[in-house]
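Here is the structure we will look at.
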Amino acid sequence: MKTEIWGRQITLDATVTDRRGNPVPNVTVTVVQDDGTPYKDDDGNPARDVTDKNGRYKIKATVKGSYRLEIVPPSD
């Protein structure tokens, strides 16, 4: 997913699912710039979250320009 926004606060609140529509827990979702550098949250930490047992995550960040989501599945 790639979106362009200019200096705005975004809230991403979504669910990660597999191809069958089942929720996927323990997936790391990070908001990154085009060069792969993570955006920071209001506390200065990378704007990321890990999905809960229902596959849900919520990230708040201020972005400028385009961004994309980096999705890293859990390691088994």
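For the structure tokens, the naming scheme is as follows: chains receive sequential letters (A, B, ...) according to their order of presentation, residues are indexed from 1 within each chain, and ligands are indexed from 1 in presentation order.
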Practice problem: Would you mind listing what lies within 12 Å of Arg56 in chain A as a list in words, with only C-alpha atoms counted and same-chain residues fewer than 4 positions away left out? | Solution: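 Surrounding residues, per the criterion: Leu12, Asp13, Ala14, Thr15, Val16, Thr17, Asn22, Pro23, Val24, Pro25, Asn26, Val27, Thr28, Val29, Asp49, Val50, Thr51 and Asp52 of chain A.
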Selected residues written out with N, CA, C and O atoms, as a short mmCIF file (atom, residue, chain, number, x, y, z; two decimals), in the first residue's frame:
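Dumped everything to again.cif:
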data_model
loop_
_atom_site.label_atom_id
_atom_site.label_comp_id
_atom_site.auth_asym_id
_atom_site.auth_seq_id
_atom_site.Cartn_x
_atom_site.Cartn_y
_atom_site.Cartn_z
N LEU A 12 -3.86 4.37 11.42
CA LEU A 12 -4.14 3.16 10.67
C LEU A 12 -4.68 2.15 11.66
O LEU A 12 -3.99 1.77 12.61
N ASP A 13 -5.90 1.73 11.47
CA ASP A 13 -6.58 0.79 12.37
C ASP A 13 -7.17 -0.28 11.47
O ASP A 13 -8.17 -0.03 10.79
N ALA A 14 -6.54 -1.45 11.43
CA ALA A 14 -6.95 -2.47 10.47
C ALA A 14 -6.68 -3.87 10.99
O ALA A 14 -6.17 -4.05 12.09
N THR A 15 -7.00 -4.85 10.16
CA THR A 15 -6.80 -6.26 10.49
C THR A 15 -5.98 -6.91 9.40
O THR A 15 -6.25 -6.72 8.21
N VAL A 16 -4.98 -7.69 9.79
CA VAL A 16 -4.21 -8.48 8.84
C VAL A 16 -4.85 -9.86 8.78
O VAL A 16 -5.07 -10.50 9.80
N THR A 17 -5.15 -10.30 7.55
CA THR A 17 -5.75 -11.61 7.35
C THR A 17 -4.95 -12.42 6.34
O THR A 17 -4.23 -11.85 5.51
N ASN A 22 -8.71 -15.39 7.47
CA ASN A 22 -8.47 -15.63 8.90
C ASN A 22 -7.50 -14.60 9.44
O ASN A 22 -6.50 -14.28 8.79
N PRO A 23 -7.74 -14.07 10.65
CA PRO A 23 -6.82 -13.10 11.23
C PRO A 23 -5.45 -13.72 11.50
O PRO A 23 -5.35 -14.90 11.81
N VAL A 24 -4.39 -12.90 11.35
CA VAL A 24 -3.03 -13.37 11.57
C VAL A 24 -2.43 -12.59 12.74
O VAL A 24 -2.19 -11.39 12.64
N PRO A 25 -2.18 -13.28 13.87
CA PRO A 25 -1.57 -12.61 15.02
C PRO A 25 -0.05 -12.50 14.87
O PRO A 25 0.56 -13.19 14.06
N ASN A 26 0.54 -11.61 15.66
CA ASN A 26 2.00 -11.43 15.77
C ASN A 26 2.69 -10.97 14.50
O ASN A 26 3.87 -11.24 14.29
N VAL A 27 1.97 -10.25 13.64
CA VAL A 27 2.55 -9.65 12.44
C VAL A 27 3.01 -8.24 12.81
O VAL A 27 2.27 -7.48 13.44
N THR A 28 4.24 -7.88 12.45
CA THR A 28 4.74 -6.52 12.70
C THR A 28 4.41 -5.65 11.49
O THR A 28 4.78 -5.99 10.36
N VAL A 29 3.71 -4.55 11.75
CA VAL A 29 3.32 -3.60 10.70
C VAL A 29 4.02 -2.28 11.01
O VAL A 29 3.88 -1.74 12.11
N ASP A 49 3.31 -1.44 14.99
CA ASP A 49 2.52 -2.18 15.96
C ASP A 49 2.61 -3.66 15.59
O ASP A 49 2.99 -4.00 14.46
N VAL A 50 2.25 -4.51 16.52
CA VAL A 50 2.21 -5.95 16.29
C VAL A 50 0.75 -6.36 16.43
O VAL A 50 0.07 -5.97 17.39
N THR A 51 0.26 -7.15 15.47
CA THR A 51 -1.14 -7.55 15.51
C THR A 51 -1.44 -8.40 16.74
O THR A 51 -0.61 -9.18 17.19
N ASP A 52 -2.66 -8.23 17.25
CA ASP A 52 -3.08 -9.00 18.41
C ASP A 52 -3.62 -10.36 17.95
O ASP A 52 -3.52 -10.71 16.77
#
Quiz prompt | Non-local contacts of Asp34 in chain A (10 Å; only C-alpha atoms; under 6 positions in same chain excluded) as an MDAnalysis selection string | solution = chainID A and resid 2 65:69
Self-check item: Contacts of Asn45 in chain A at 12 Å (only C-alpha atoms; same-chain gap of 4+ positions) as a list in words
Solution: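 Residues near the query, excluding close chain neighbours: Thr30, Val31, Thr37, Pro38, Tyr39, Lys40, Asp41, Asp49, Ile59, Lys60, Ala61 and Thr62 of chain A.
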Quiz item: Of the candidates A:Gly36, A:Gly21, A:Ser75, A:Arg8, which one gets nearest to Asn54 in chain A if we count only C-alpha atoms?
Solution: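 Distance minimum relative to Asn54 in chain A lands on A:Gly21.
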Practice problem: If you run DSSP over the backbone, which residues in chain A end up strand (DSSP E)? Put them as a ChimeraX atom specification. | Solution: /A:2-15,28-32,48-50,56-72
Grab the residues selected above and save them as a compact mmCIF listing (two decimals), in the first residue's frame with N, CA, C and O atoms.
# COMPACT_ATOMS: atom_id res chain seq x y z
N LYS A 2 0.62 2.18 -0.88
CA LYS A 2 1.38 3.42 -0.93
C LYS A 2 0.40 4.57 -1.02
O LYS A 2 -0.52 4.55 -1.83
N THR A 3 0.59 5.57 -0.17
CA THR A 3 -0.30 6.72 -0.12
C THR A 3 0.54 7.97 0.05
O THR A 3 1.59 7.91 0.65
N GLU A 4 0.04 9.10 -0.48
CA GLU A 4 0.75 10.36 -0.29
C GLU A 4 -0.08 11.31 0.56
O GLU A 4 -1.24 11.54 0.28
N ILE A 5 0.54 11.81 1.61
CA ILE A 5 -0.09 12.77 2.53
C ILE A 5 1.01 13.76 2.93
O ILE A 5 2.15 13.38 3.07
N TRP A 6 0.63 15.00 3.17
CA TRP A 6 1.64 16.02 3.47
C TRP A 6 1.51 16.54 4.89
O TRP A 6 0.71 17.40 5.19
N GLY A 7 2.35 16.01 5.80
CA GLY A 7 2.43 16.50 7.16
C GLY A 7 1.16 16.33 7.97
O GLY A 7 0.82 17.20 8.74
N ARG A 8 0.50 15.24 7.80
CA ARG A 8 -0.75 15.01 8.51
C ARG A 8 -0.63 13.84 9.46
O ARG A 8 0.09 12.89 9.21
N GLN A 9 -1.41 13.93 10.51
CA GLN A 9 -1.51 12.83 11.46
C GLN A 9 -2.40 11.75 10.84
O GLN A 9 -3.50 12.05 10.37
N ILE A 10 -1.91 10.54 10.82
CA ILE A 10 -2.71 9.42 10.30
C ILE A 10 -2.93 8.42 11.43
O ILE A 10 -2.13 8.31 12.35
N THR A 11 -4.03 7.71 11.36
CA THR A 11 -4.28 6.58 12.24
C THR A 11 -4.66 5.42 11.35
O THR A 11 -5.62 5.50 10.59
N LEU A 12 -3.86 4.37 11.42
CA LEU A 12 -4.14 3.16 10.67
C LEU A 12 -4.68 2.15 11.66
O LEU A 12 -3.99 1.77 12.61
N ASP A 13 -5.90 1.73 11.47
CA ASP A 13 -6.58 0.79 12.37
C ASP A 13 -7.17 -0.28 11.47
O ASP A 13 -8.17 -0.03 10.79
N ALA A 14 -6.54 -1.45 11.43
CA ALA A 14 -6.95 -2.47 10.47
C ALA A 14 -6.68 -3.87 10.99
O ALA A 14 -6.17 -4.05 12.09
N THR A 15 -7.00 -4.85 10.16
CA THR A 15 -6.80 -6.26 10.49
C THR A 15 -5.98 -6.91 9.40
O THR A 15 -6.25 -6.72 8.21
N THR A 28 4.24 -7.88 12.45
CA THR A 28 4.74 -6.52 12.70
C THR A 28 4.41 -5.65 11.49
O THR A 28 4.78 -5.99 10.36
N VAL A 29 3.71 -4.55 11.75
CA VAL A 29 3.32 -3.60 10.70
C VAL A 29 4.02 -2.28 11.01
O VAL A 29 3.88 -1.74 12.11
N THR A 30 4.81 -1.76 10.05
CA THR A 30 5.57 -0.53 10.24
C THR A 30 5.25 0.44 9.12
O THR A 30 5.20 0.06 7.95
N VAL A 31 5.07 1.72 9.46
CA VAL A 31 4.88 2.78 8.46
C VAL A 31 6.27 3.28 8.08
O VAL A 31 7.01 3.76 8.94
N VAL A 32 6.63 3.14 6.79
CA VAL A 32 7.96 3.52 6.35
C VAL A 32 7.91 4.51 5.19
O VAL A 32 6.94 4.57 4.45
N ARG A 48 5.06 1.67 14.51
CA ARG A 48 4.77 0.27 14.22
C ARG A 48 3.90 -0.31 15.31
O ARG A 48 3.77 0.24 16.39
N ASP A 49 3.31 -1.44 14.99
CA ASP A 49 2.52 -2.18 15.96
C ASP A 49 2.61 -3.66 15.59
O ASP A 49 2.99 -4.00 14.46
N VAL A 50 2.25 -4.51 16.52
CA VAL A 50 2.21 -5.95 16.29
C VAL A 50 0.75 -6.36 16.43
O VAL A 50 0.07 -5.97 17.39
N ARG A 56 -5.54 -7.59 14.66
CA ARG A 56 -5.74 -6.14 14.63
C ARG A 56 -4.47 -5.38 15.03
O ARG A 56 -3.71 -5.85 15.87
N TYR A 57 -4.31 -4.22 14.41
CA TYR A 57 -3.23 -3.31 14.78
C TYR A 57 -3.74 -1.88 14.67
O TYR A 57 -4.74 -1.62 13.99
N LYS A 58 -3.06 -0.97 15.38
CA LYS A 58 -3.40 0.45 15.31
C LYS A 58 -2.11 1.24 15.43
O LYS A 58 -1.34 1.04 16.36
N ILE A 59 -1.89 2.12 14.46
CA ILE A 59 -0.68 2.95 14.43
C ILE A 59 -1.08 4.40 14.22
O ILE A 59 -1.88 4.70 13.34
N LYS A 60 -0.49 5.29 15.02
CA LYS A 60 -0.66 6.73 14.83
C LYS A 60 0.71 7.32 14.51
O LYS A 60 1.69 6.99 15.17
N ALA A 61 0.76 8.16 13.48
CA ALA A 61 2.02 8.80 13.10
C ALA A 61 1.72 10.05 12.28
O ALA A 61 0.65 10.18 11.70
N THR A 62 2.69 10.95 12.25
CA THR A 62 2.60 12.11 11.37
C THR A 62 3.51 11.83 10.19
O THR A 62 4.69 11.52 10.37
N VAL A 63 2.94 11.89 9.00
CA VAL A 63 3.71 11.58 7.80
C VAL A 63 3.74 12.79 6.88
O VAL A 63 2.86 13.64 6.90
N LYS A 64 4.80 12.86 6.09
CA LYS A 64 4.95 13.91 5.10
C LYS A 64 5.42 13.23 3.83
O LYS A 64 6.43 12.52 3.83
N GLY A 65 4.71 13.44 2.73
CA GLY A 65 5.06 12.78 1.49
C GLY A 65 4.40 11.41 1.41
O GLY A 65 3.37 11.17 2.01
N SER A 66 5.03 10.52 0.72
CA SER A 66 4.43 9.20 0.55
C SER A 66 4.93 8.25 1.63
O SER A 66 5.97 8.46 2.24
N TYR A 67 4.14 7.23 1.87
CA TYR A 67 4.53 6.21 2.82
C TYR A 67 4.01 4.86 2.35
O TYR A 67 3.17 4.78 1.45
N ARG A 68 4.53 3.81 2.94
CA ARG A 68 4.04 2.46 2.66
C ARG A 68 4.08 1.67 3.94
O ARG A 68 4.66 2.09 4.93
N LEU A 69 3.41 0.55 3.92
CA LEU A 69 3.42 -0.33 5.08
C LEU A 69 4.38 -1.47 4.84
O LEU A 69 4.35 -2.09 3.77
N GLU A 70 5.20 -1.75 5.82
CA GLU A 70 6.09 -2.91 5.78
C GLU A 70 5.46 -3.95 6.70
O GLU A 70 5.23 -3.69 7.88
N ILE A 71 5.17 -5.12 6.14
CA ILE A 71 4.50 -6.19 6.87
C ILE A 71 5.49 -7.32 7.04
O ILE A 71 6.03 -7.86 6.07
N VAL A 72 5.75 -7.71 8.29
CA VAL A 72 6.68 -8.80 8.58
C VAL A 72 5.92 -9.88 9.34
O VAL A 72 5.47 -9.65 10.48
